[in-house]
$ cat input.cif   # mmCIF, C-alpha atoms
data_protein
#
loop_
_atom_site.group_PDB
_atom_site.id
_atom_site.type_symbol
_atom_site.label_atom_id
_atom_site.label_comp_id
_atom_site.auth_asym_id
_atom_site.auth_seq_id
_atom_site.Cartn_x
_atom_site.Cartn_y
_atom_site.Cartn_z
ATOM 1 C CA MET A 104 -36.020 21.955 35.253
ATOM 2 C CA PRO A 105 -34.239 25.135 34.070
ATOM 3 C CA ASN A 106 -33.721 25.487 30.287
ATOM 4 C CA HIS A 107 -29.906 25.292 30.449
ATOM 5 C CA LEU A 108 -30.136 21.920 32.254
ATOM 6 C CA VAL A 109 -32.521 20.545 29.625
ATOM 7 C CA GLY A 110 -29.889 21.254 26.935
ATOM 8 C CA ILE A 111 -27.215 19.429 28.945
ATOM 9 C CA SER A 112 -29.523 16.437 29.403
ATOM 10 C CA ARG A 113 -30.115 16.281 25.640
ATOM 11 C CA ILE A 114 -26.360 16.399 24.982
ATOM 12 C CA ARG A 115 -25.730 13.600 27.491
ATOM 13 C CA CYS A 116 -28.514 11.535 25.976
ATOM 14 C CA ALA A 117 -27.112 12.041 22.466
ATOM 15 C CA ALA A 118 -23.615 11.122 23.681
ATOM 16 C CA ILE A 119 -24.918 7.925 25.281
ATOM 17 C CA ILE A 120 -26.759 6.967 22.106
ATOM 18 C CA ILE A 121 -23.671 7.602 19.954
ATOM 19 C CA ALA A 122 -21.417 5.667 22.331
ATOM 20 C CA THR A 123 -23.829 2.728 22.338
ATOM 21 C CA PHE A 124 -23.983 2.761 18.544
ATOM 22 C CA VAL A 125 -20.183 2.805 18.238
ATOM 23 C CA MET A 126 -19.851 -0.085 20.695
ATOM 24 C CA CYS A 127 -22.405 -2.143 18.751
ATOM 25 C CA ILE A 128 -20.645 -1.503 15.440
ATOM 26 C CA SER A 129 -17.266 -2.400 16.995
ATOM 27 C CA PHE A 130 -18.679 -5.637 18.343
ATOM 28 C CA LEU A 131 -20.208 -6.590 15.011
ATOM 29 C CA CYS A 132 -16.984 -5.841 13.126
ATOM 30 C CA SER A 133 -14.836 -7.869 15.519
ATOM 31 C CA SER A 134 -17.296 -10.755 15.316
ATOM 32 C CA ALA A 135 -17.211 -10.667 11.516
ATOM 33 C CA TYR A 136 -13.406 -10.662 11.537
ATOM 34 C CA ALA A 137 -13.284 -13.609 13.901
ATOM 35 C CA ALA A 138 -15.645 -15.595 11.677
ATOM 36 C CA ASP A 139 -13.583 -14.721 8.585
ATOM 37 C CA ALA A 140 -10.338 -15.707 10.321
ATOM 38 C CA LEU A 141 -11.860 -18.994 11.435
ATOM 39 C CA GLN A 142 -13.112 -19.715 7.930
ATOM 40 C CA ALA A 143 -9.715 -18.827 6.474
ATOM 41 C CA ARG A 144 -8.044 -21.345 8.808
ATOM 42 C CA LYS A 145 -10.554 -23.998 7.736
ATOM 43 C CA ASP A 146 -9.829 -23.202 4.088
ATOM 44 C CA ILE A 147 -6.081 -23.443 4.726
ATOM 45 C CA LYS A 148 -6.565 -26.881 6.273
ATOM 46 C CA ALA A 149 -8.769 -27.949 3.338
ATOM 47 C CA MET A 150 -5.853 -27.072 1.029
ATOM 48 C CA GLY A 151 -3.692 -29.567 2.917
ATOM 49 C CA LEU A 152 -1.722 -26.862 4.722
ATOM 50 C CA GLU A 153 -1.214 -26.159 8.393
ATOM 51 C CA TYR A 154 -1.527 -22.694 9.902
ATOM 52 C CA THR A 155 2.206 -22.337 10.531
ATOM 53 C CA GLY A 156 4.840 -19.843 9.530
ATOM 54 C CA GLN A 157 6.616 -22.583 7.614
ATOM 55 C CA ASP A 158 3.594 -23.387 5.436
ATOM 56 C CA PHE A 159 2.951 -19.661 4.961
ATOM 57 C CA ALA A 160 6.507 -19.182 3.663
ATOM 58 C CA LYS A 161 6.218 -22.284 1.440
ATOM 59 C CA ALA A 162 2.995 -20.961 -0.098
ATOM 60 C CA ALA A 163 4.692 -17.637 -0.798
ATOM 61 C CA GLY A 164 7.707 -19.385 -2.308
ATOM 62 C CA ASN A 165 5.384 -21.387 -4.542
ATOM 63 C CA GLY A 166 3.642 -18.199 -5.680
ATOM 64 C CA ASP A 167 0.266 -19.322 -4.316
ATOM 65 C CA LEU A 168 -1.541 -15.991 -3.909
ATOM 66 C CA THR A 169 -4.765 -17.669 -2.781
ATOM 67 C CA ALA A 170 -3.106 -19.549 0.067
ATOM 68 C CA VAL A 171 -1.038 -16.541 1.150
ATOM 69 C CA GLN A 172 -4.147 -14.343 1.241
ATOM 70 C CA LEU A 173 -5.889 -16.973 3.369
ATOM 71 C CA PHE A 174 -2.968 -17.048 5.802
ATOM 72 C CA LEU A 175 -3.156 -13.262 6.104
ATOM 73 C CA ASP A 176 -6.954 -13.366 6.493
ATOM 74 C CA ALA A 177 -6.473 -15.929 9.258
ATOM 75 C CA GLY A 178 -4.196 -13.541 11.134
ATOM 76 C CA MET A 179 -0.694 -14.548 10.045
ATOM 77 C CA ASP A 180 1.898 -11.786 10.409
ATOM 78 C CA VAL A 181 3.287 -11.029 6.940
ATOM 79 C CA ASN A 182 6.773 -10.851 8.490
ATOM 80 C CA GLU A 183 6.447 -14.210 10.290
ATOM 81 C CA GLY A 184 9.699 -16.095 10.668
ATOM 82 C CA GLY A 185 11.958 -13.126 10.000
ATOM 83 C CA SER A 186 10.244 -12.377 6.691
ATOM 84 C CA ALA A 187 10.893 -15.874 5.362
ATOM 85 C CA ALA A 188 7.949 -15.604 2.964
ATOM 86 C CA ILE A 189 9.376 -12.697 0.988
ATOM 87 C CA GLY A 190 12.801 -14.327 1.029
ATOM 88 C CA LEU A 191 11.490 -17.546 -0.505
ATOM 89 C CA ALA A 192 9.375 -15.676 -3.035
ATOM 90 C CA ALA A 193 12.339 -13.498 -4.047
ATOM 91 C CA GLY A 194 14.695 -16.458 -4.312
ATOM 92 C CA ARG A 195 12.283 -18.368 -6.517
ATOM 93 C CA GLY A 196 11.552 -15.475 -8.868
ATOM 94 C CA LYS A 197 7.932 -14.920 -7.814
ATOM 95 C CA THR A 198 7.672 -11.247 -8.796
ATOM 96 C CA LYS A 199 3.922 -10.895 -8.234
ATOM 97 C CA MET A 200 4.223 -12.523 -4.813
ATOM 98 C CA VAL A 201 7.046 -10.190 -3.772
ATOM 99 C CA GLN A 202 4.952 -7.204 -4.854
ATOM 100 C CA PHE A 203 1.912 -8.582 -3.040
ATOM 101 C CA LEU A 204 3.802 -9.219 0.203
ATOM 102 C CA LEU A 205 5.301 -5.729 0.100
ATOM 103 C CA SER A 206 1.823 -4.265 -0.424
ATOM 104 C CA LYS A 207 0.714 -6.112 2.721
ATOM 105 C CA GLY A 208 3.521 -4.621 4.811
ATOM 106 C CA SER A 209 6.318 -7.136 4.412
ATOM 107 C CA LYS A 210 9.785 -5.789 5.109
ATOM 108 C CA ALA A 211 12.129 -5.587 2.151
ATOM 109 C CA THR A 212 14.972 -7.481 3.805
ATOM 110 C CA SER A 213 18.610 -7.729 2.853
ATOM 111 C CA ASN A 214 18.199 -11.534 2.821
ATOM 112 C CA ALA A 215 15.420 -11.341 0.236
ATOM 113 C CA LEU A 216 17.564 -8.966 -1.814
ATOM 114 C CA GLN A 217 20.509 -11.367 -1.631
ATOM 115 C CA TYR A 218 18.335 -14.335 -2.664
ATOM 116 C CA ALA A 219 17.010 -12.434 -5.694
ATOM 117 C CA ARG A 220 20.496 -11.263 -6.661
ATOM 118 C CA THR A 221 22.285 -14.622 -6.338
ATOM 119 C CA ARG A 222 19.543 -16.489 -8.173
ATOM 120 C CA GLY A 223 19.412 -14.032 -11.071
ATOM 121 C CA TYR A 224 16.178 -12.076 -10.615
ATOM 122 C CA PRO A 225 17.152 -8.456 -11.330
ATOM 123 C CA ASP A 226 13.509 -7.334 -11.586
ATOM 124 C CA ILE A 227 12.860 -8.516 -8.021
ATOM 125 C CA GLU A 228 16.177 -7.065 -6.915
ATOM 126 C CA LYS A 229 15.056 -3.636 -8.195
ATOM 127 C CA ILE A 230 11.637 -3.953 -6.543
ATOM 128 C CA LEU A 231 13.260 -4.744 -3.196
ATOM 129 C CA VAL A 232 15.814 -1.933 -3.446
ATOM 130 C CA ASP A 233 13.031 0.505 -4.372
ATOM 131 C CA ALA A 234 11.116 -0.737 -1.310
ATOM 132 C CA GLY A 235 14.080 0.031 0.939
ATOM 133 C CA ALA A 236 16.105 -3.179 1.093
ATOM 134 C CA LYS A 237 19.661 -2.467 2.195
ATOM 135 C CA GLU A 238 22.670 -4.385 0.990
#
$ encode --input "input.cif" --output "structure tokens"
Amino acid sequence: MPNHLVGISRIRCAAIIIATFVMCISFLCSSAYAADALQARKDIKAMGLEYTGQDFAKAAGNGDLTAVQLFLDAGMDVNEGGSAAIGLAAGRGKTKMVQFLLSKGSKATSNALQYARTRGYPDIEKILVDAGAKE
């Protein structure tokens, strides 16, 4: 085989090895996520909660960071139910929960802002305005 073809064969071989490695890592990561999500759902059930948007929002409104993190680990969309979770947390004065939900990608909604304002939580009101909530 000519020398220039040997180099191409080595490059193809290296590319195949790298592609195989990447596929294996991707498979292992997705399997680990699935196991974690399944365990999170089991933990949610053990807490007496159901994996629903309503229970997710209730946990946020109660300030239960552990339960909310489990819902997110299980695959719950942080903006489930029109961002009901941040609205309940804001309306009940749960500053740390509002900050946590925002850090996880929750939208700073005008409803959440209104709940914080009408219930007398100016610190949460400021956090939401700073995060982009419109009046």
$ atom_distance --input "input.cif" --atom1 "CA of Ala211 in chain A" --atom2 "CA of Ala234 in chain A"
6.0 Å
$ atom_distance --input "input.cif" --atom1 "CA of Lys237 in chain A" --atom2 "CA of Ala215 in chain A"
10.0 Å
$ axis_aligned_box --input "input.cif" --around "range 185-199 of chain A" --padding-each-side "3 Å" --output "JSON"
{"center_x": 9.3, "center_y": -14.6, "center_z": 0.6, "size_x": 16.8, "size_y": 13.5, "size_z": 24.9}
$ atom_distance --input "input.cif" --atom1 "CA of Ile147 in chain A" --atom2 "CA of Thr169 in chain A"
9.6 Å
$ residues_near_point --input "input.cif" --point "(-4.7, -27.9, -3.3)" --cutoff "12 Å" --atoms "only C-alpha atoms" --output "list of chain:residue names"
A:Asp146, A:Ile147, A:Lys148, A:Ala149, A:Met150, A:Gly151, A:Leu152, A:Ala162, A:Asp167, A:Thr169, A:Ala170
$ write_last_selection --input "input.cif" --atoms "C-alpha atoms" --output "CSV table (one decimal), in the coordinates of the input"
chain,number,residue,atom,x,y,z
A,146,ASP,CA,-9.8,-23.2,4.1
A,147,ILE,CA,-6.1,-23.4,4.7
A,148,LYS,CA,-6.6,-26.9,6.3
A,149,ALA,CA,-8.8,-27.9,3.3
A,150,MET,CA,-5.9,-27.1,1.0
A,151,GLY,CA,-3.7,-29.6,2.9
A,152,LEU,CA,-1.7,-26.9,4.7
A,162,ALA,CA,3.0,-21.0,-0.1
A,167,ASP,CA,0.3,-19.3,-4.3
A,169,THR,CA,-4.8,-17.7,-2.8
A,170,ALA,CA,-3.1,-19.5,0.1
$ resolve_selection --input "input.cif" --expression "the PyMOL selection byres ((chain A and resi 177) around 8)" --output "list in words"
Asp139, Ala140, Leu141, Gln142, Ala143, Arg144, Leu173, Phe174, Leu175, Asp176, Gly178 and Met179 of chain A
$ closest_residue --input "input.cif" --among "A:Ser213, A:Ala236, A:Leu231, A:Asp158" --to "Glu183 in chain A" --atoms "all atoms listed in the file"
A:Asp158
$ resolve_selection --input "input.cif" --expression "the PyMOL selection byres ((chain A and resi 190) around 9)" --output "mmCIF file with C-alpha atoms, in the coordinates of the input"
data_model
loop_
_atom_site.group_PDB
_atom_site.id
_atom_site.type_symbol
_atom_site.label_atom_id
_atom_site.label_comp_id
_atom_site.auth_asym_id
_atom_site.auth_seq_id
_atom_site.Cartn_x
_atom_site.Cartn_y
_atom_site.Cartn_z
ATOM 1 C CA ALA A 160 6.507 -19.182 3.663
ATOM 2 C CA ALA A 163 4.692 -17.637 -0.798
ATOM 3 C CA GLY A 164 7.707 -19.385 -2.308
ATOM 4 C CA SER A 186 10.244 -12.377 6.691
ATOM 5 C CA ALA A 187 10.893 -15.874 5.362
ATOM 6 C CA ALA A 188 7.949 -15.604 2.964
ATOM 7 C CA ILE A 189 9.376 -12.697 0.988
ATOM 8 C CA LEU A 191 11.490 -17.546 -0.505
ATOM 9 C CA ALA A 192 9.375 -15.676 -3.035
ATOM 10 C CA ALA A 193 12.339 -13.498 -4.047
ATOM 11 C CA GLY A 194 14.695 -16.458 -4.312
ATOM 12 C CA ARG A 195 12.283 -18.368 -6.517
ATOM 13 C CA VAL A 201 7.046 -10.190 -3.772
ATOM 14 C CA ALA A 211 12.129 -5.587 2.151
ATOM 15 C CA THR A 212 14.972 -7.481 3.805
ATOM 16 C CA SER A 213 18.610 -7.729 2.853
ATOM 17 C CA ASN A 214 18.199 -11.534 2.821
ATOM 18 C CA ALA A 215 15.420 -11.341 0.236
ATOM 19 C CA LEU A 216 17.564 -8.966 -1.814
ATOM 20 C CA GLN A 217 20.509 -11.367 -1.631
ATOM 21 C CA TYR A 218 18.335 -14.335 -2.664
ATOM 22 C CA ALA A 219 17.010 -12.434 -5.694
#
$ closest_residue --input "input.cif" --among "A:Asn182, A:Thr155, A:Ser209, A:Thr221" --to "Gly235 in chain A" --atoms "only C-alpha atoms"
A:Ser209
$ residues_around --input "input.cif" --residues "Leu168 in chain A" --least-positions-apart "3" --cutoff "7 Å" --atoms "all atoms listed in the file" --output "ChimeraX atom specification"
/A:171-172,200
$ closest_residue --input "input.cif" --among "A:Lys210, A:Gln202, A:Val181, A:Gly156" --to "Lys229 in chain A" --atoms "all atoms listed in the file"
A:Gln202
$ build_atoms --input "input.cif" --residues "range 145-169 of chain A" --atoms "N, CA and C atoms" --output "compact mmCIF listing (two decimals), in the coordinates of the input"
# COMPACT_ATOMS: atom_id res chain seq x y z
N LYS A 145 -9.93 -22.77 8.25
CA LYS A 145 -10.55 -24.00 7.74
C LYS A 145 -10.18 -24.20 6.27
N ASP A 146 -10.18 -23.12 5.50
CA ASP A 146 -9.83 -23.20 4.09
C ASP A 146 -8.36 -23.59 3.90
N ILE A 147 -7.50 -23.08 4.77
CA ILE A 147 -6.08 -23.44 4.73
C ILE A 147 -5.93 -24.95 4.96
N LYS A 148 -6.63 -25.45 5.96
CA LYS A 148 -6.56 -26.88 6.27
C LYS A 148 -7.10 -27.72 5.11
N ALA A 149 -8.19 -27.23 4.47
CA ALA A 149 -8.77 -27.95 3.34
C ALA A 149 -7.80 -28.01 2.15
N MET A 150 -6.86 -27.08 2.09
CA MET A 150 -5.85 -27.07 1.03
C MET A 150 -4.69 -28.00 1.36
N GLY A 151 -4.76 -28.66 2.51
CA GLY A 151 -3.69 -29.57 2.92
C GLY A 151 -2.53 -28.87 3.58
N LEU A 152 -2.76 -27.65 4.06
CA LEU A 152 -1.72 -26.86 4.72
C LEU A 152 -2.06 -26.72 6.20
N GLU A 153 -1.03 -26.46 6.97
CA GLU A 153 -1.21 -26.16 8.39
C GLU A 153 -1.03 -24.66 8.58
N TYR A 154 -1.67 -24.11 9.59
CA TYR A 154 -1.53 -22.69 9.90
C TYR A 154 -0.23 -22.49 10.68
N THR A 155 0.89 -22.53 9.94
CA THR A 155 2.21 -22.34 10.53
C THR A 155 2.99 -21.35 9.67
N GLY A 156 3.98 -20.75 10.28
CA GLY A 156 4.84 -19.84 9.53
C GLY A 156 5.56 -20.55 8.40
N GLN A 157 5.91 -21.81 8.63
CA GLN A 157 6.62 -22.58 7.61
C GLN A 157 5.74 -22.80 6.38
N ASP A 158 4.48 -23.18 6.58
CA ASP A 158 3.59 -23.39 5.44
C ASP A 158 3.25 -22.06 4.75
N PHE A 159 3.17 -20.99 5.53
CA PHE A 159 2.95 -19.66 4.96
C PHE A 159 4.10 -19.30 4.02
N ALA A 160 5.34 -19.50 4.49
CA ALA A 160 6.51 -19.18 3.66
C ALA A 160 6.57 -20.08 2.43
N LYS A 161 6.23 -21.37 2.59
CA LYS A 161 6.22 -22.28 1.44
C LYS A 161 5.21 -21.82 0.39
N ALA A 162 4.03 -21.42 0.84
CA ALA A 162 3.00 -20.96 -0.10
C ALA A 162 3.49 -19.73 -0.86
N ALA A 163 4.15 -18.83 -0.14
CA ALA A 163 4.69 -17.64 -0.80
C ALA A 163 5.77 -18.02 -1.80
N GLY A 164 6.64 -18.93 -1.42
CA GLY A 164 7.71 -19.39 -2.31
C GLY A 164 7.18 -20.10 -3.54
N ASN A 165 6.01 -20.72 -3.41
CA ASN A 165 5.38 -21.39 -4.54
C ASN A 165 4.56 -20.42 -5.40
N GLY A 166 4.42 -19.19 -4.93
CA GLY A 166 3.64 -18.20 -5.68
C GLY A 166 2.14 -18.37 -5.55
N ASP A 167 1.69 -19.04 -4.51
CA ASP A 167 0.27 -19.32 -4.32
C ASP A 167 -0.42 -18.14 -3.63
N LEU A 168 -0.90 -17.20 -4.44
CA LEU A 168 -1.54 -15.99 -3.91
C LEU A 168 -2.79 -16.31 -3.09
N THR A 169 -3.54 -17.31 -3.51
CA THR A 169 -4.76 -17.67 -2.78
C THR A 169 -4.43 -18.13 -1.37
